[in-house]
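*Asks:* Just so it is clear, I am handing over final_31.txt, which has compact mmCIF, C-alpha atoms.
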# COMPACT_ATOMS: atom_id res chain seq x y z
CA MET A 1 278.24 120.52 -54.12
CA ASN A 2 280.34 118.75 -51.49
CA ASP A 3 279.71 118.14 -47.82
CA SER A 4 281.87 121.10 -46.77
CA GLN A 5 279.29 123.43 -48.31
CA ASN A 6 276.50 122.29 -46.01
CA ASP A 7 274.82 124.71 -43.65
CA GLU A 8 275.95 123.62 -40.16
CA SER A 9 274.26 126.52 -38.35
CA PHE A 10 271.61 124.46 -36.63
CA VAL A 11 273.75 121.50 -35.56
CA SER A 12 275.03 121.32 -32.01
CA ASP A 13 278.65 120.51 -31.11
CA ASP A 14 277.94 116.83 -30.45
CA GLY A 15 276.42 116.36 -33.90
CA GLY A 16 272.84 116.35 -32.62
CA MET A 17 270.33 119.10 -32.72
CA GLY A 18 270.61 121.23 -29.63
CA ALA A 19 267.46 122.82 -28.24
CA SER A 20 269.09 126.27 -28.28
CA ARG A 21 269.96 125.91 -31.96
CA ARG A 22 266.82 124.21 -33.18
CA PRO A 23 265.99 125.49 -36.65
CA THR A 24 262.91 127.39 -37.64
CA ILE A 25 261.11 125.42 -40.34
CA GLY A 26 259.45 127.15 -43.25
CA PHE A 27 256.77 124.95 -44.80
CA ILE A 28 255.02 125.64 -48.10
CA GLY A 29 252.05 123.44 -49.05
CA LEU A 30 249.41 122.55 -46.45
CA GLY A 31 247.35 120.01 -48.34
CA ASN A 32 246.37 116.51 -47.19
CA MET A 33 250.01 115.58 -46.64
CA GLY A 34 251.52 118.90 -45.59
CA ILE A 35 249.03 119.62 -42.83
CA GLY A 36 249.83 116.38 -41.01
CA MET A 37 253.57 116.87 -41.48
CA THR A 38 253.49 120.39 -40.07
CA ARG A 39 251.43 119.32 -37.06
CA ASN A 40 254.08 116.74 -36.23
CA LEU A 41 256.87 119.28 -36.63
CA GLN A 42 254.99 121.56 -34.27
CA ARG A 43 254.48 118.76 -31.73
CA ALA A 44 258.22 118.05 -31.88
CA GLY A 45 258.90 121.64 -30.81
CA PHE A 46 259.96 123.25 -34.08
CA ASP A 47 258.97 126.85 -34.70
CA LEU A 48 257.05 127.09 -37.99
CA VAL A 49 256.57 129.70 -40.69
CA VAL A 50 253.93 128.51 -43.16
CA ASN A 51 252.37 129.42 -46.49
CA ASP A 52 249.73 127.94 -48.77
CA VAL A 53 247.47 129.18 -51.54
CA ARG A 54 244.59 128.79 -49.05
CA ARG A 55 245.29 130.74 -45.89
CA GLU A 56 242.50 128.98 -44.00
CA THR A 57 244.48 125.71 -44.04
CA ALA A 58 246.97 127.29 -41.64
CA ALA A 59 244.43 128.38 -39.02
CA GLU A 60 245.03 125.52 -36.60
CA LEU A 61 248.82 125.78 -36.95
CA VAL A 62 248.77 129.53 -36.39
CA ALA A 63 246.53 129.10 -33.34
CA ALA A 64 249.18 126.73 -31.94
CA GLY A 65 252.01 129.21 -32.50
CA ALA A 66 253.05 129.01 -36.14
CA ARG A 67 253.55 132.24 -38.08
CA TRP A 68 251.77 132.86 -41.38
CA ALA A 69 253.93 134.20 -44.22
CA SER A 70 252.36 136.03 -47.13
CA SER A 71 254.66 134.51 -49.77
CA PRO A 72 257.24 131.77 -50.33
CA ALA A 73 259.92 134.49 -50.30
CA GLU A 74 258.87 135.52 -46.80
CA VAL A 75 258.92 131.88 -45.68
CA ALA A 76 262.44 131.43 -47.03
CA ALA A 77 263.71 134.66 -45.47
CA SER A 78 262.29 133.75 -42.06
CA ALA A 79 263.34 130.10 -41.77
CA THR A 80 266.52 128.09 -41.32
CA ILE A 81 265.14 125.29 -43.51
CA VAL A 82 262.48 125.62 -46.22
CA ILE A 83 260.31 122.56 -47.00
CA THR A 84 258.01 122.31 -50.00
CA MET A 85 255.20 119.73 -50.26
CA LEU A 86 253.41 120.55 -53.50
CA PRO A 87 251.27 118.67 -56.03
CA THR A 88 253.17 119.05 -59.32
CA PRO A 89 256.64 119.95 -60.65
CA ARG A 90 255.14 123.01 -62.35
CA ILE A 91 253.86 124.33 -59.04
CA VAL A 92 257.24 123.58 -57.41
CA ARG A 93 258.91 125.62 -60.14
CA ASP A 94 256.48 128.52 -59.71
CA VAL A 95 257.05 128.56 -55.94
CA VAL A 96 260.82 128.54 -56.37
CA PHE A 97 261.32 130.89 -59.34
CA GLY A 98 258.15 132.97 -59.36
CA ALA A 99 257.60 136.49 -58.12
CA ASP A 100 258.03 136.42 -54.33
CA GLY A 101 259.40 132.87 -54.72
CA ILE A 102 261.81 130.97 -52.54
CA LEU A 103 264.88 132.21 -54.42
CA GLU A 104 263.99 135.80 -53.56
CA GLY A 105 264.06 135.07 -49.83
CA ILE A 106 266.44 132.22 -49.11
CA PRO A 107 269.90 133.35 -47.93
CA ASP A 108 273.08 132.10 -49.57
CA GLY A 109 274.00 128.73 -48.05
CA GLY A 110 270.37 128.13 -47.06
CA THR A 111 268.60 124.78 -47.14
CA TRP A 112 265.61 123.81 -49.29
CA ILE A 113 264.07 120.33 -48.92
CA ASP A 114 261.56 119.36 -51.61
CA MET A 115 259.32 116.58 -50.25
CA SER A 116 256.97 116.65 -53.25
CA THR A 117 256.65 113.73 -55.64
CA SER A 118 258.49 115.48 -58.43
CA VAL A 119 261.46 115.33 -60.79
CA PRO A 120 265.00 116.75 -60.47
CA GLU A 121 264.76 119.44 -63.14
CA VAL A 122 263.77 122.36 -60.90
CA ALA A 123 266.49 121.66 -58.34
CA GLU A 124 269.06 121.12 -61.08
CA GLU A 125 268.11 124.43 -62.66
CA VAL A 126 268.68 126.23 -59.36
CA ARG A 127 272.09 124.57 -58.95
CA SER A 128 273.19 125.35 -62.50
CA ARG A 129 271.98 128.96 -62.54
CA PHE A 130 273.10 129.97 -59.05
CA PRO A 131 276.15 127.87 -58.09
CA GLU A 132 277.68 130.81 -56.24
CA ARG A 133 274.83 130.77 -53.70
CA ASN A 134 275.91 127.36 -52.30
CA LEU A 135 272.36 126.35 -51.55
CA ASN A 136 271.74 123.00 -49.87
CA ILE A 137 269.03 121.45 -52.05
CA VAL A 138 267.67 118.08 -50.97
CA ASP A 139 264.96 115.88 -52.47
CA ALA A 140 263.09 113.88 -49.82
CA PRO A 141 259.75 112.60 -51.17
CA VAL A 142 257.56 110.45 -48.97
CA SER A 143 255.32 107.38 -48.93
CA GLY A 144 252.64 106.54 -46.41
CA MET A 145 249.62 108.54 -47.59
CA SER A 146 247.81 111.11 -45.46
CA VAL A 147 247.46 108.62 -42.59
CA GLY A 148 251.23 108.34 -42.33
CA ALA A 149 251.56 112.12 -42.54
CA ALA A 150 249.09 112.55 -39.68
CA ASN A 151 250.71 109.84 -37.54
CA GLY A 152 254.31 110.83 -38.21
CA THR A 153 255.11 107.43 -39.72
CA LEU A 154 256.02 108.41 -43.27
CA GLN A 155 258.71 106.65 -45.24
CA ILE A 156 261.14 109.26 -46.55
CA PHE A 157 263.63 108.77 -49.39
CA VAL A 158 266.47 111.29 -49.29
CA GLY A 159 268.65 112.34 -52.20
CA ALA A 160 271.54 114.35 -50.72
CA THR A 161 275.16 114.33 -49.68
CA THR A 162 275.99 112.48 -46.47
CA GLY A 163 276.49 115.76 -44.62
CA GLN A 164 273.20 117.21 -45.79
CA TYR A 165 271.38 114.02 -44.81
CA GLN A 166 272.84 114.03 -41.31
CA ASN A 167 272.01 117.71 -40.85
CA ILE A 168 268.34 117.37 -41.70
CA LEU A 169 267.72 113.94 -40.14
CA PRO A 170 266.29 115.34 -36.86
CA VAL A 171 263.78 117.37 -38.86
CA LEU A 172 262.79 114.42 -41.03
CA SER A 173 262.47 112.21 -37.94
CA ALA A 174 259.72 114.47 -36.63
CA MET A 175 257.65 113.62 -39.70
CA GLY A 176 258.61 110.05 -40.51
CA ASP A 177 259.42 106.65 -39.07
CA PRO A 178 263.15 106.83 -38.17
CA GLU A 179 263.60 103.22 -39.26
CA ARG A 180 262.28 104.04 -42.72
CA ILE A 181 264.04 107.31 -43.44
CA LEU A 182 266.50 106.19 -46.09
CA HIS A 183 269.46 107.99 -47.62
CA VAL A 184 269.07 106.57 -51.13
CA GLY A 185 271.86 108.40 -52.94
CA ALA A 186 272.92 111.74 -54.32
CA ALA A 187 270.64 114.57 -55.41
CA GLY A 188 267.78 113.27 -57.55
CA ALA A 189 267.85 109.73 -56.17
CA GLY A 190 264.99 110.44 -53.77
CA TYR A 191 262.74 111.56 -56.60
CA ALA A 192 263.60 108.47 -58.66
CA VAL A 193 263.01 106.00 -55.82
CA LYS A 194 259.63 107.54 -54.99
CA LEU A 195 258.47 107.45 -58.61
CA MET A 196 259.48 103.79 -58.91
CA ILE A 197 257.65 102.92 -55.68
CA ASN A 198 254.51 104.61 -56.97
CA GLN A 199 254.82 102.94 -60.35
CA LEU A 200 255.09 99.46 -58.83
CA TRP A 201 252.24 100.11 -56.37
CA PHE A 202 249.92 101.34 -59.11
CA SER A 203 250.84 98.27 -61.16
CA HIS A 204 249.82 96.12 -58.17
CA VAL A 205 246.41 97.85 -58.15
CA ILE A 206 245.77 96.83 -61.76
CA ALA A 207 247.26 93.33 -61.51
CA THR A 208 245.31 92.53 -58.33
CA ALA A 209 242.01 93.83 -59.72
CA GLU A 210 242.45 91.82 -62.90
CA VAL A 211 243.37 88.58 -61.14
CA LEU A 212 240.58 88.80 -58.57
CA ALA A 213 238.00 89.65 -61.22
CA ILE A 214 239.05 86.79 -63.53
CA GLY A 215 239.21 84.25 -60.71
CA THR A 216 235.81 85.30 -59.39
CA ALA A 217 234.31 85.16 -62.87
CA ALA A 218 235.67 81.61 -63.10
CA GLY A 219 233.66 80.69 -60.02
CA VAL A 220 236.31 80.78 -57.30
CA ASN A 221 235.23 82.15 -53.92
CA LEU A 222 236.83 85.60 -53.47
CA ASP A 223 238.23 84.93 -50.00
CA VAL A 224 239.55 81.52 -51.03
CA LEU A 225 241.17 83.04 -54.11
CA ARG A 226 242.82 85.83 -52.15
CA ARG A 227 244.05 83.50 -49.40
CA SER A 228 245.46 81.14 -52.02
CA LEU A 229 247.34 83.99 -53.68
CA ILE A 230 248.69 85.17 -50.32
CA ALA A 231 249.98 81.63 -49.62
CA SER A 232 251.73 81.53 -52.99
CA PRO A 233 254.93 83.08 -54.40
CA ALA A 234 252.67 85.68 -56.06
CA ASN A 235 251.86 87.36 -52.74
CA SER A 236 252.32 91.12 -52.35
CA ASN A 237 251.83 93.71 -49.65
CA PHE A 238 249.02 95.20 -51.72
CA LEU A 239 247.20 91.88 -51.96
CA GLU A 240 247.70 91.13 -48.28
CA HIS A 241 246.94 94.55 -46.82
CA ASP A 242 246.14 97.53 -49.06
CA VAL A 243 243.37 95.92 -51.10
CA LEU A 244 241.37 95.25 -47.93
CA SER A 245 240.18 98.86 -47.91
CA ILE A 246 238.23 97.97 -51.06
CA LEU A 247 237.28 94.39 -50.27
CA ASN A 248 236.08 95.19 -46.74
CA ASP A 249 234.85 98.78 -46.94
CA GLY A 250 234.50 99.82 -50.58
CA ASP A 251 237.11 102.52 -49.94
CA TYR A 252 239.08 103.43 -53.07
CA ASP A 253 241.21 105.96 -51.13
CA GLU A 254 239.74 109.32 -52.06
CA GLY A 255 242.36 110.90 -49.79
CA PHE A 256 244.64 110.76 -52.82
CA ALA A 257 242.88 111.80 -56.01
CA ILE A 258 243.31 109.78 -59.18
CA LYS A 259 244.35 112.93 -61.06
CA LEU A 260 247.47 112.99 -58.85
CA ALA A 261 248.04 109.28 -59.44
CA CYS A 262 247.94 109.93 -63.19
CA LYS A 263 250.39 112.79 -62.72
CA ASP A 264 252.81 110.49 -60.86
CA LEU A 265 252.50 107.78 -63.51
CA GLY A 266 253.28 110.32 -66.20
CA LEU A 267 256.36 111.45 -64.28
CA SER A 268 257.64 107.88 -63.94
CA ILE A 269 257.26 107.33 -67.69
CA ASP A 270 259.03 110.64 -68.35
CA LEU A 271 261.87 109.42 -66.12
CA ALA A 272 262.12 106.17 -68.09
CA ARG A 273 262.25 108.17 -71.31
CA SER A 274 264.94 110.48 -69.95
CA VAL A 275 267.24 107.56 -69.09
CA GLY A 276 266.50 105.67 -72.30
CA MET A 277 264.68 102.73 -70.74
CA PRO A 278 261.53 101.10 -72.16
CA SER A 279 258.38 101.30 -70.05
CA GLU A 280 255.75 99.28 -71.88
CA LEU A 281 253.99 97.93 -68.79
CA SER A 282 254.13 101.29 -67.02
CA ALA A 283 252.60 102.96 -70.07
CA LEU A 284 249.73 100.46 -70.09
CA VAL A 285 249.10 100.97 -66.37
CA GLU A 286 249.06 104.73 -66.95
CA GLN A 287 246.44 104.37 -69.69
CA ILE A 288 244.20 102.24 -67.47
CA PHE A 289 244.42 104.92 -64.78
CA VAL A 290 243.62 107.62 -67.33
CA ARG A 291 240.57 105.61 -68.44
CA ALA A 292 239.40 105.37 -64.82
CA LYS A 293 239.97 109.10 -64.30
CA ARG A 294 237.92 109.82 -67.38
CA GLY A 295 235.12 107.53 -66.21
CA TYR A 296 234.96 108.34 -62.50
CA GLY A 297 236.27 111.92 -62.37
CA ASP A 298 239.47 113.68 -61.32
CA LEU A 299 238.69 113.39 -57.62
CA ALA A 300 237.97 109.66 -57.58
CA GLY A 301 240.27 107.70 -55.29
CA GLU A 302 243.67 106.51 -56.46
CA MET A 303 242.40 102.90 -56.45
CA ALA A 304 239.39 103.73 -58.64
CA PRO A 305 240.83 101.68 -61.55
CA PHE A 306 239.80 98.66 -59.49
CA LYS A 307 236.22 99.65 -60.27
CA LEU A 308 236.82 99.20 -63.99
CA TYR A 309 237.20 95.48 -63.41
CA GLU A 310 234.26 95.35 -61.03
CA ASP A 311 232.14 97.04 -63.69
CA LEU A 312 233.22 94.47 -66.27
CA LEU A 313 232.52 91.69 -63.78
CA GLY A 314 229.09 93.15 -63.05
CA THR A 315 229.50 93.07 -59.29
CA GLU A 316 231.62 94.65 -56.57
CA LEU A 317 234.45 92.57 -55.16
CA ARG A 318 233.67 92.44 -51.45
CA LEU A 319 234.48 90.06 -48.62
CA THR A 320 231.03 89.31 -47.17
CA SER A 321 229.82 86.67 -44.77
CA GLU A 322 229.16 84.47 -47.79
CA THR A 323 232.59 84.85 -49.35
CA LEU A 324 234.27 84.41 -45.98
CA SER A 325 232.45 81.12 -45.48
CA GLY A 326 233.81 79.69 -48.74
CA VAL A 327 236.03 76.61 -48.45
CA ALA A 328 238.65 75.54 -50.98
CA ARG A 329 237.87 72.11 -52.42
What is this structure when it is put down as structure tokens?
*Replies:*
Amino acid sequence: MNDSQNDESFVSDDGGMGASRRPTIGFIGLGNMGIGMTRNLQRAGFDLVVNDVRRETAAELVAAGARWASSPAEVAASATIVITMLPTPRIVRDVVFGADGILEGIPDGGTWIDMSTSVPEVAEEVRSRFPERNLNIVDAPVSGMSVGAANGTLQIFVGATTGQYQNILPVLSAMGDPERILHVGAAGAGYAVKLMINQLWFSHVIATAEVLAIGTAAGVNLDVLRRSLIASPANSNFLEHDVLSILNDGDYDEGFAIKLACKDLGLSIDLARSVGMPSELSALVEQIFVRAKRGYGDLAGEMAPFKLYEDLLGTELRLTSETLSGVAR
């Protein structure tokens, strides 16, 4: 697919998005991420057509002017751009190819943006089976968790042609931080970047838990240990910021279930396998997450593996008045 095949129907003459030609957005998947993303699209003035397996999730959007569609096919037939935000590649495939799926409703030359954390196979299958339909298929997965979705500050990683990226940028900007919406390459690159980000972040969870538990067991004050690590070349964003939800509040981020974290880790290892690269560390991290899922349940927070090390240590790792008063000697 080259840039000349892109759907230009919603782009104004000056290259921007004119109010009179603003696209209708079809959105499928109103979970923790999708609901915040759709609210921001609505606030930005986009007309919405929405669908989810649970109709009640759309009540607030419909009350504010969105239209409910009874199927993905109806969404695709009613919208200029279709966006999917779904939990697994299997569900993405069902929504695209299934009875009353996107392919039954989307017009030739239409645009489908998959913002799920997924893999390229479904999109590639559509391209290979229906090349004559000239569909604009873009992968644009996100980072930033449900807070970023609610606040419209998501990071978005776009795999697309240059023309496709420019066409959809105004839509993406309504959901994400414009400074962190990145065109990362051709189709499939967005999926790969997101999986690698997740893989590294989950590895930071395990590495940080292990280091803090060992150092504390060795008698080092927790706050002193963390501040020493932050001041060193071993610092990370996780150590400096993300881990504080645990150390201050005991919050293991139940907004993103560990079963989904395990799914993402499995996808990243599958990607490594598909390109012939070893993934020994990633495989170990995945197994630690699976152990935590088994021990704490599917709906435990994505940082629940941290608890494995706290359990071995015999105490929770928390910054209290006592730890904060510790002084390095």
*Asks:* Which residue out of A:Leu324, A:Ala123, A:Ala300, A:Leu267 has the minimum interatomic distance to Phe97 in chain A when all atoms listed in the file are used?
*Replies:*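 Ranking A:Leu324, A:Ala123, A:Ala300, A:Leu267 by distance to Phe97 in chain A, first place goes to A:Ala123.
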*Asks:* Would you mind listing what lies within 8 Å of Met175 in chain A as a PDB file with C-alpha atoms, in the coordinates of the input, with only C-alpha atoms counted and same-chain residues fewer than 4 positions away left out?
*Replies:*
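The resulting around_12.pdb:
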ATOM      1  CA  MET A  37     253.570 116.870 -41.480  1.00  0.00           C
ATOM      2  CA  THR A  38     253.490 120.390 -40.070  1.00  0.00           C
ATOM      3  CA  ASN A  40     254.080 116.740 -36.230  1.00  0.00           C
ATOM      4  CA  LEU A  41     256.870 119.280 -36.630  1.00  0.00           C
ATOM      5  CA  ALA A 149     251.560 112.120 -42.540  1.00  0.00           C
ATOM      6  CA  GLY A 152     254.310 110.830 -38.210  1.00  0.00           C
ATOM      7  CA  THR A 153     255.110 107.430 -39.720  1.00  0.00           C
ATOM      8  CA  LEU A 154     256.020 108.410 -43.270  1.00  0.00           C
ATOM      9  CA  VAL A 171     263.780 117.370 -38.860  1.00  0.00           C
TER      10      VAL A 171
END
*Asks:* Kindly provide, as a list in words, the polymer residues lying within 8 Å of (258.8, 132.8, -48.5), counting all atoms listed in the file and using the coordinates exactly as they appear in the file.
*Replies:* Gly26, Asn51, Ala69, Ser70, Ser71, Pro72, Ala73, Glu74, Val75, Ala76, Ala77, Ser78, Asp100, Gly101, Ile102, Glu104, Gly105 and Ile106 of chain A
*Asks:* Go ahead and save the picked residues with C-alpha atoms, as an mmCIF file, in the coordinates of the input.
*Replies:*
data_model
loop_
_atom_site.group_PDB
_atom_site.id
_atom_site.type_symbol
_atom_site.label_atom_id
_atom_site.label_comp_id
_atom_site.auth_asym_id
_atom_site.auth_seq_id
_atom_site.Cartn_x
_atom_site.Cartn_y
_atom_site.Cartn_z
ATOM 1 C CA GLY A 26 259.450 127.150 -43.250
ATOM 2 C CA ASN A 51 252.370 129.420 -46.490
ATOM 3 C CA ALA A 69 253.930 134.200 -44.220
ATOM 4 C CA SER A 70 252.360 136.030 -47.130
ATOM 5 C CA SER A 71 254.660 134.510 -49.770
ATOM 6 C CA PRO A 72 257.240 131.770 -50.330
ATOM 7 C CA ALA A 73 259.920 134.490 -50.300
ATOM 8 C CA GLU A 74 258.870 135.520 -46.800
ATOM 9 C CA VAL A 75 258.920 131.880 -45.680
ATOM 10 C CA ALA A 76 262.440 131.430 -47.030
ATOM 11 C CA ALA A 77 263.710 134.660 -45.470
ATOM 12 C CA SER A 78 262.290 133.750 -42.060
ATOM 13 C CA ASP A 100 258.030 136.420 -54.330
ATOM 14 C CA GLY A 101 259.400 132.870 -54.720
ATOM 15 C CA ILE A 102 261.810 130.970 -52.540
ATOM 16 C CA GLU A 104 263.990 135.800 -53.560
ATOM 17 C CA GLY A 105 264.060 135.070 -49.830
ATOM 18 C CA ILE A 106 266.440 132.220 -49.110
#
*Asks:* Given the choices A:Asp242, A:Glu56, A:Glu125, A:Asp114, which gets closest to Met303 in chain A if the distance is worked out from all atoms listed in the file?
*Replies:*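 Among A:Asp242, A:Glu56, A:Glu125, A:Asp114, it is A:Asp242 that comes nearest to Met303 in chain A.
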*Asks:* What lies within 12 Å of Ala150 in chain A using all atoms listed in the file, ignoring chain neighbours under 6 positions off, as a list of chain:residue names?
*Replies:*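 Selected residues are A:Gly31, A:Asn32, A:Met33, A:Gly34, A:Ile35, A:Gly36, A:Met37, A:Thr38, A:Arg39, A:Asn40, A:Leu41, A:Arg43, A:Gly144, A:Ala174, A:Met175, A:Gly176, A:Asp177.
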*Asks:* Could you name the residues that touch Leu195 in chain A at 10 Å or less, counting all atoms listed in the file, but leaving out those on the same chain fewer than 6 positions away, as a PyMOL selection string?
*Replies:* chain A and resi 117-119+141+189+201+264-269+271
*Asks:* State, in Å with one decimal place, the distance from CA of Ala187 in chain A to CA of Ala140 in chain A.
*Replies:*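 So the answer is 9.4 Å.
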*Asks:* Report, in Å with one decimal, the straight-line distance from CA of Gly163 in chain A to CA of Asn136 in chain A.
*Replies:* 10.1 Å
*Asks:* Tell me which of A:Tyr165, A:Ala261, A:Tyr252, A:Phe46 sits closest to Pro87 in chain A, counting all atoms listed in the file.
*Replies:* A:Ala261
*Asks:* List the spatial neighbours of Leu225 in chain A as a ChimeraX atom specification - criterion: any atom at most 8 Å away, only C-alpha atoms, same-chain residues fewer than 3 positions off excluded.
*Replies:* /A:212,215-216,220-222,228-229
*Asks:* Please report the interatomic distance between CA of Gln164 in chain A and CA of Val138 in chain A in Å with one decimal.
*Replies:*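 Calculated distance between CA of Gln164 in chain A and CA of Val138 in chain A is 7.6 Å.
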*Asks:* What's around Pro178 in chain A at 9 Å? Count all atoms listed in the file, leave out sequence neighbours fewer than 5 positions away in its own chain, and write the answer as a list in words.
*Replies:*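 My reading of the contact set: Thr153, Leu154, Gln155, Ile156, Leu169, Leu172 and Ser173 of chain A.
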*Asks:* Between A:Gly250, A:Gly110, A:Pro305, A:Pro233, which residue has the minimum interatomic distance to Phe202 in chain A, considering all atoms listed in the file?
*Replies:*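 Distance minimum relative to Phe202 in chain A lands on A:Pro305.
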*Asks:* I'd like to know which of A:Arg22, A:Arg93, A:Arg127, A:Arg133 is closest to Ala79 in chain A, using all atoms listed in the file.
*Replies:*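 Smallest separation from Ala79 in chain A among the options: A:Arg22.
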*Asks:* Give the centre and edge lengths of an axis-aligned box, in Å to one decimal, that holds all listed atoms of range 115-124 of chain A with 5 Å on each side, as lines of an AutoDock Vina configuration file.
*Replies:*
center_x = 262.9
center_y = 118.0
center_z = -56.7
size_x = 22.4
size_y = 18.6
size_z = 22.9
*Asks:* Which residue is closest to Gly148 in chain A? Choose from A:Ala64, A:Ile206, A:Gly255, A:Thr88 and count all atoms listed in the file.
*Replies:*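 That would be A:Gly255, the residue with the smallest distance to Gly148 in chain A.
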